[in-house]
$ cat structure.txt   # compact mmCIF, C-alpha atoms
# COMPACT_ATOMS: atom_id res chain seq x y z
CA MET W 221 -32.31 199.73 92.02
CA ALA W 222 -33.16 197.33 89.19
CA ARG W 223 -35.96 195.75 91.28
CA TYR W 224 -37.39 199.18 92.02
CA MET W 225 -37.25 200.35 88.40
CA LYS W 226 -38.83 197.10 87.23
CA ALA W 227 -41.79 197.81 89.53
CA VAL W 228 -41.97 201.40 88.27
CA ALA W 229 -41.91 200.25 84.65
CA GLU W 230 -44.61 197.66 85.17
CA ASN W 231 -46.97 199.99 87.01
CA ALA W 232 -46.55 203.33 85.22
CA ASP W 233 -48.66 204.29 82.23
CA GLU W 234 -45.55 205.51 80.42
CA LEU W 235 -42.08 206.26 81.74
CA SER W 236 -40.80 209.84 81.64
CA GLU W 237 -37.43 210.62 80.05
CA ASP W 238 -35.73 210.57 83.46
CA GLU W 239 -37.42 207.30 84.39
CA ARG W 240 -36.30 205.74 81.10
CA ARG W 241 -32.71 206.67 81.89
CA LEU W 242 -32.95 205.32 85.43
CA PHE W 243 -34.40 202.05 84.14
CA SER W 244 -31.59 201.76 81.60
CA VAL W 245 -28.84 202.64 84.10
CA ALA W 246 -30.21 200.26 86.73
CA TYR W 247 -30.04 197.24 84.47
CA SER W 248 -26.84 198.41 82.79
CA ASN W 249 -25.14 198.32 86.19
CA VAL W 250 -26.39 194.79 86.80
CA ILE W 251 -25.22 193.56 83.40
CA GLY W 252 -21.89 195.33 83.80
CA SER W 253 -21.25 193.37 87.00
CA TYR W 254 -21.46 190.21 84.88
CA ARG W 255 -19.80 191.29 81.64
CA THR W 256 -16.49 192.34 83.21
CA PRO W 257 -15.78 189.06 85.03
CA TRP W 258 -17.09 187.13 82.01
CA ARG W 259 -14.44 188.75 79.80
CA THR W 260 -11.72 188.01 82.36
CA LEU W 261 -12.77 184.38 82.76
CA SER W 262 -13.06 183.90 79.01
CA SER W 263 -9.52 185.19 78.58
CA VAL W 264 -8.17 182.88 81.31
CA GLU W 265 -10.11 179.95 79.88
CA GLN W 266 -8.67 180.56 76.42
CA LYS W 267 -5.12 180.67 77.76
CA GLU W 268 -5.65 177.45 79.73
CA ASP W 269 -7.27 175.79 76.74
CA ASP W 270 -4.36 176.78 74.47
CA ARG W 271 -2.04 174.68 76.59
CA GLY W 272 -3.75 171.63 75.13
CA THR W 273 -3.97 169.66 78.37
CA PRO W 274 -7.18 169.70 80.46
CA THR W 275 -6.58 170.87 84.02
CA ASP W 276 -8.65 171.29 87.16
CA ASN W 277 -8.17 175.03 86.85
CA LEU W 278 -9.59 175.01 83.31
CA ARG W 279 -12.60 173.02 84.50
CA ARG W 280 -13.27 175.41 87.40
CA VAL W 281 -12.88 178.50 85.21
CA ARG W 282 -15.19 177.06 82.55
CA GLU W 283 -17.85 176.13 85.09
CA TYR W 284 -17.77 179.59 86.66
CA ARG W 285 -17.87 181.29 83.25
CA GLN W 286 -20.91 179.19 82.30
CA LYS W 287 -22.61 180.08 85.60
CA ILE W 288 -22.09 183.78 84.91
CA GLU W 289 -23.50 183.32 81.39
CA GLN W 290 -26.64 181.70 82.74
CA GLU W 291 -27.23 184.42 85.31
CA MET W 292 -26.53 187.18 82.79
CA SER W 293 -28.88 185.60 80.25
CA ALA W 294 -31.61 185.52 82.88
CA VAL W 295 -31.19 189.26 83.51
CA CYS W 296 -31.27 189.95 79.77
CA ALA W 297 -34.42 187.86 79.39
CA GLU W 298 -36.07 189.85 82.19
CA VAL W 299 -35.24 193.17 80.53
CA LEU W 300 -36.41 191.96 77.12
CA THR W 301 -39.71 190.76 78.57
CA ILE W 302 -40.35 194.15 80.19
CA LEU W 303 -39.47 195.92 76.94
CA ASP W 304 -41.70 193.74 74.76
CA THR W 305 -44.71 193.45 77.04
CA VAL W 306 -44.75 196.82 78.81
CA LEU W 307 -42.43 199.61 77.74
CA ILE W 308 -42.53 199.44 73.94
CA PRO W 309 -46.32 198.94 73.72
CA LYS W 310 -46.95 201.85 76.13
CA SER W 311 -44.53 204.26 74.48
CA THR W 312 -46.27 207.03 72.52
CA THR W 313 -43.26 209.04 71.34
CA ILE W 314 -40.64 208.40 68.66
CA GLU W 315 -37.87 209.15 71.15
CA GLY W 316 -39.25 206.64 73.62
CA LYS W 317 -39.68 203.88 71.05
CA VAL W 318 -36.18 204.43 69.64
CA PHE W 319 -34.73 204.38 73.17
CA TYR W 320 -36.41 201.06 73.94
CA LEU W 321 -35.56 199.47 70.59
CA LYS W 322 -31.92 200.41 71.19
CA MET W 323 -32.12 198.70 74.59
CA LYS W 324 -33.74 195.67 72.99
CA GLY W 325 -30.93 195.42 70.46
CA ASP W 326 -28.34 195.87 73.21
CA TYR W 327 -29.66 193.07 75.42
CA TYR W 328 -29.96 190.65 72.54
CA ARG W 329 -26.39 191.66 71.65
CA TYR W 330 -25.22 190.75 75.14
CA ILE W 331 -26.81 187.32 74.83
CA ALA W 332 -25.32 186.81 71.37
CA ASN W 333 -21.88 187.81 72.61
CA ASN W 334 -21.87 185.66 75.73
CA ASN W 335 -24.05 182.65 75.01
CA THR W 336 -23.07 180.51 72.04
CA THR W 337 -26.13 178.25 72.32
CA LYS W 338 -28.48 181.19 71.66
CA GLY W 339 -26.09 183.23 69.54
CA ARG W 340 -27.68 182.91 66.12
CA GLU W 341 -31.25 183.59 67.27
CA SER W 342 -30.19 186.50 69.48
CA THR W 343 -28.09 188.01 66.72
CA ALA W 344 -31.08 188.03 64.37
CA CYS W 345 -33.29 189.60 67.06
CA ALA W 346 -30.69 192.27 67.81
CA MET W 347 -30.38 193.12 64.13
CA GLU W 348 -34.17 193.41 63.81
CA ALA W 349 -34.42 195.73 66.83
CA TYR W 350 -31.53 197.97 65.74
CA LYS W 351 -32.92 198.26 62.21
CA ALA W 352 -36.42 199.06 63.45
CA GLY W 353 -35.01 201.67 65.79
CA SER W 354 -32.86 203.19 63.05
CA GLU W 355 -35.88 203.58 60.79
CA LEU W 356 -37.88 205.32 63.52
CA ALA W 357 -34.88 207.46 64.48
CA LYS W 358 -35.10 209.26 61.16
CA GLY W 359 -37.87 211.24 62.84
CA LEU W 360 -35.35 212.67 65.32
CA ALA W 361 -32.68 215.30 64.66
CA PRO W 362 -29.36 213.77 63.47
CA ASN W 363 -27.58 215.07 66.57
CA HIS W 364 -30.27 213.87 69.00
CA PRO W 365 -28.59 211.80 71.76
CA THR W 366 -31.05 208.93 71.44
CA ARG W 367 -30.52 208.67 67.67
CA LEU W 368 -26.74 208.91 68.08
CA GLY W 369 -26.71 206.36 70.91
CA LEU W 370 -28.58 203.90 68.73
CA ALA W 371 -26.17 204.43 65.82
CA LEU W 372 -23.18 203.99 68.14
CA ASN W 373 -24.39 200.67 69.53
CA PHE W 374 -25.62 199.43 66.16
CA SER W 375 -22.13 200.02 64.75
CA VAL W 376 -20.59 198.15 67.71
CA PHE W 377 -22.97 195.28 66.99
CA TYR W 378 -21.78 195.15 63.39
CA TYR W 379 -18.15 195.19 64.49
CA GLU W 380 -18.18 192.82 67.45
CA ILE W 381 -21.00 190.40 66.70
CA MET W 382 -21.34 190.40 62.91
CA THR W 383 -17.59 191.05 62.35
CA SER W 384 -18.79 193.21 59.47
CA TYR W 385 -16.19 195.94 59.79
CA GLU W 386 -17.21 197.94 56.72
CA ASP W 387 -20.84 198.09 57.88
CA ALA W 388 -19.72 199.13 61.36
CA CYS W 389 -17.66 202.01 59.98
CA SER W 390 -20.42 202.97 57.54
CA VAL W 391 -23.08 203.25 60.27
CA ALA W 392 -20.77 205.18 62.60
CA ARG W 393 -19.43 207.51 59.90
CA SER W 394 -22.86 208.29 58.47
CA ALA W 395 -24.29 209.09 61.91
CA LEU W 396 -21.29 211.25 62.79
CA ASN W 397 -21.31 213.19 59.53
CA ASP W 398 -25.04 213.89 59.74
CA ALA W 399 -24.69 215.02 63.34
CA ILE W 400 -21.79 217.35 62.50
CA LEU W 401 -23.89 219.08 59.87
CA GLU W 402 -26.76 219.48 62.32
CA GLN W 403 -24.41 220.62 65.07
CA GLU W 404 -23.50 223.70 63.04
CA HIS W 405 -26.93 225.05 63.96
CA CYS W 406 -26.72 223.90 67.57
CA PRO W 407 -23.67 224.79 69.73
CA PRO W 408 -22.15 221.78 71.56
CA SER W 409 -22.93 223.45 74.90
CA GLU W 410 -26.63 223.02 74.11
CA ASN W 411 -26.30 219.33 73.31
CA ARG W 412 -23.69 217.92 75.69
CA ASP W 413 -25.03 214.36 75.57
CA GLY W 414 -25.01 214.36 71.78
CA SER W 415 -21.50 215.80 71.69
CA LEU W 416 -20.30 213.07 74.06
CA ILE W 417 -21.66 210.32 71.84
CA MET W 418 -20.19 211.97 68.77
CA GLY W 419 -16.83 211.74 70.54
CA LEU W 420 -17.35 208.02 71.11
CA LEU W 421 -18.21 207.55 67.43
CA ARG W 422 -14.99 209.34 66.47
CA ASP W 423 -13.00 207.17 68.89
CA ASN W 424 -14.44 203.97 67.48
CA LEU W 425 -13.87 205.02 63.89
CA SER W 426 -10.28 205.90 64.67
CA LEU W 427 -9.78 202.58 66.48
CA TRP W 428 -11.44 200.49 63.80
CA THR W 429 -9.64 202.09 60.87
CA THR W 430 -6.22 201.62 62.50
CA GLU W 431 -6.80 198.17 63.92
CA MET W 432 -9.17 196.74 61.35
CA GLY W 433 -9.38 193.00 61.65
CA GLU W 434 -7.64 192.83 65.05
CA GLY W 435 -10.84 192.65 67.06
CA ALA W 436 -10.48 195.99 68.80
CA ASP W 437 -12.78 196.56 71.78
CA ALA W 438 -15.24 199.32 71.00
CA CYS W 439 -16.98 201.86 73.17
CA ASP W 440 -20.77 201.70 73.43
CA HIS W 441 -23.37 203.78 75.21

$ encode --input "structure.txt" --output "structure tokens"
Amino acid sequence: MARYMKAVAENADELSEDERRLFSVAYSNVIGSYRTPWRTLSSVEQKEDDRGTPTDNLRRVREYRQKIEQEMSAVCAEVLTILDTVLIPKSTTIEGKVFYLKMKGDYYRYIANNNTTKGRESTACAMEAYKAGSELAKGLAPNHPTRLGLALNFSVFYYEIMTSYEDACSVARSALNDAILEQEHCPPSENRDGSLIMGLLRDNLSLWTTEMGEGADACDH
């Protein structure tokens, strides 16, 4: 599906809302197939490393983890190239640009989280993309799913990558409070996607405020 959506993205004048979602889901599925085993291998590697004595098992786990990192970084680089050279330049709507800037921040976040050699550069690029998207998102309603999705992932970036817990909570809380005020004029049944993301923001805030400093795993979108 990712190959197909790459071809669609490169040949279309501008992706429709449905095509944007399909493009995002296609590559999200690919990245997910790497991120889950990477987390497992990293955990096993840490436990083996804590024993203090190098073993063949540690060597094999480390080599496999590094192989997954390389392959995942290649996928991220592909997505980022498509975003920078095709999708963002062709986008003519605020919603579209915010959607793509969120994706750009996300894929730099994945690299920063999983590749220490490119961590600092990728972190700076992710921050730049999230901030640019947040500025543009002011042109969307506070309870708009695209604006909320960006705020959700930006807050996760602050928590997991920057380990800036106060900033993470501030971004999430501000987005949630603004959306709640807007939601008073729009029943949840008319904005199911927005309501879902608001629930994820609430979950993260609850998790972060009770387990602050313990490196809790957050939900993103």

$ residues_around --input "structure.txt" --residues "W:Arg280" --least-positions-apart "6" --cutoff "12 Å" --atoms "all atoms listed in the file" --output "MDAnalysis selection string"
chainID W and resid 261:262 264:265 268 274 286:287

$ write_last_selection --input "structure.txt" --atoms "C-alpha atoms" --output "PDB file, keeping the file's coordinate frame"
ATOM      1  CA  LEU W 261     -12.770 184.380  82.760  1.00  0.00           C
ATOM      2  CA  SER W 262     -13.060 183.900  79.010  1.00  0.00           C
ATOM      3  CA  VAL W 264      -8.170 182.880  81.310  1.00  0.00           C
ATOM      4  CA  GLU W 265     -10.110 179.950  79.880  1.00  0.00           C
ATOM      5  CA  GLU W 268      -5.650 177.450  79.730  1.00  0.00           C
ATOM      6  CA  PRO W 274      -7.180 169.700  80.460  1.00  0.00           C
ATOM      7  CA  GLN W 286     -20.910 179.190  82.300  1.00  0.00           C
ATOM      8  CA  LYS W 287     -22.610 180.080  85.600  1.00  0.00           C
TER       9      LYS W 287
END

$ closest_residue --input "structure.txt" --among "W:Leu420, W:Ala399, W:Ile308, W:Leu370" --to "W:Ala357" --atoms "only C-alpha atoms"
W:Leu370

$ residues_around --input "structure.txt" --residues "W:Asp304" --least-positions-apart "6" --cutoff "12 Å" --atoms "all atoms listed in the file" --output "PyMOL selection string"
chain W and resi 229-230+297-298+310-311+317+320-321+323-325+349

$ write_last_selection --input "structure.txt" --atoms "C-alpha atoms" --output "short mmCIF file (atom, residue, chain, number, x, y, z; two decimals), keeping the file's coordinate frame"
data_model
loop_
_atom_site.label_atom_id
_atom_site.label_comp_id
_atom_site.auth_asym_id
_atom_site.auth_seq_id
_atom_site.Cartn_x
_atom_site.Cartn_y
_atom_site.Cartn_z
CA ALA W 229 -41.91 200.25 84.65
CA GLU W 230 -44.61 197.66 85.17
CA ALA W 297 -34.42 187.86 79.39
CA GLU W 298 -36.07 189.85 82.19
CA LYS W 310 -46.95 201.85 76.13
CA SER W 311 -44.53 204.26 74.48
CA LYS W 317 -39.68 203.88 71.05
CA TYR W 320 -36.41 201.06 73.94
CA LEU W 321 -35.56 199.47 70.59
CA MET W 323 -32.12 198.70 74.59
CA LYS W 324 -33.74 195.67 72.99
CA GLY W 325 -30.93 195.42 70.46
CA ALA W 349 -34.42 195.73 66.83
#

$ atom_distance --input "structure.txt" --atom1 "atom CA of W:Tyr328" --atom2 "atom CA of W:Ser244"
14.4 Å

$ closest_residue --input "structure.txt" --among "W:Val318, W:Ala332, W:Thr366, W:Ser375" --to "W:Ala352" --atoms "all atoms listed in the file"
W:Val318

$ residues_around --input "structure.txt" --residues "W:Glu291" --least-positions-apart "2" --cutoff "12 Å" --atoms "all atoms listed in the file" --output "list in words"
Val250, Ile251, Ser253, Tyr254, Arg255, Trp258, Tyr284, Arg285, Gln286, Lys287, Ile288, Glu289, Ser293, Ala294, Val295, Cys296, Ala297, Glu298, Ile331, Asn334 and Asn335 of chain W

$ atom_distance --input "structure.txt" --atom1 "atom CA of W:Tyr327" --atom2 "atom CA of W:Gly369"
14.3 Å

$ closest_residue --input "structure.txt" --among "W:Asn363, W:Asn373, W:Asn411, W:Gln403" --to "W:Arg329" --atoms "all atoms listed in the file"
W:Asn373

$ closest_residue --input "structure.txt" --among "W:Leu303, W:Met225, W:Leu356, W:Ala395" --to "W:Leu425" --atoms "all atoms listed in the file"
W:Ala395

$ atom_distance --input "structure.txt" --atom1 "atom CA of W:Gly419" --atom2 "atom CA of W:Leu372"
10.3 Å

$ closest_residue --input "structure.txt" --among "W:Ser426, W:Ala222, W:Leu396, W:Gly414" --to "W:Ile302" --atoms "only C-alpha atoms"
W:Ala222

$ closest_residue --input "structure.txt" --among "W:Leu401, W:Ala392, W:Ala346, W:Met382" --to "W:Pro362" --atoms "all atoms listed in the file"
W:Leu401
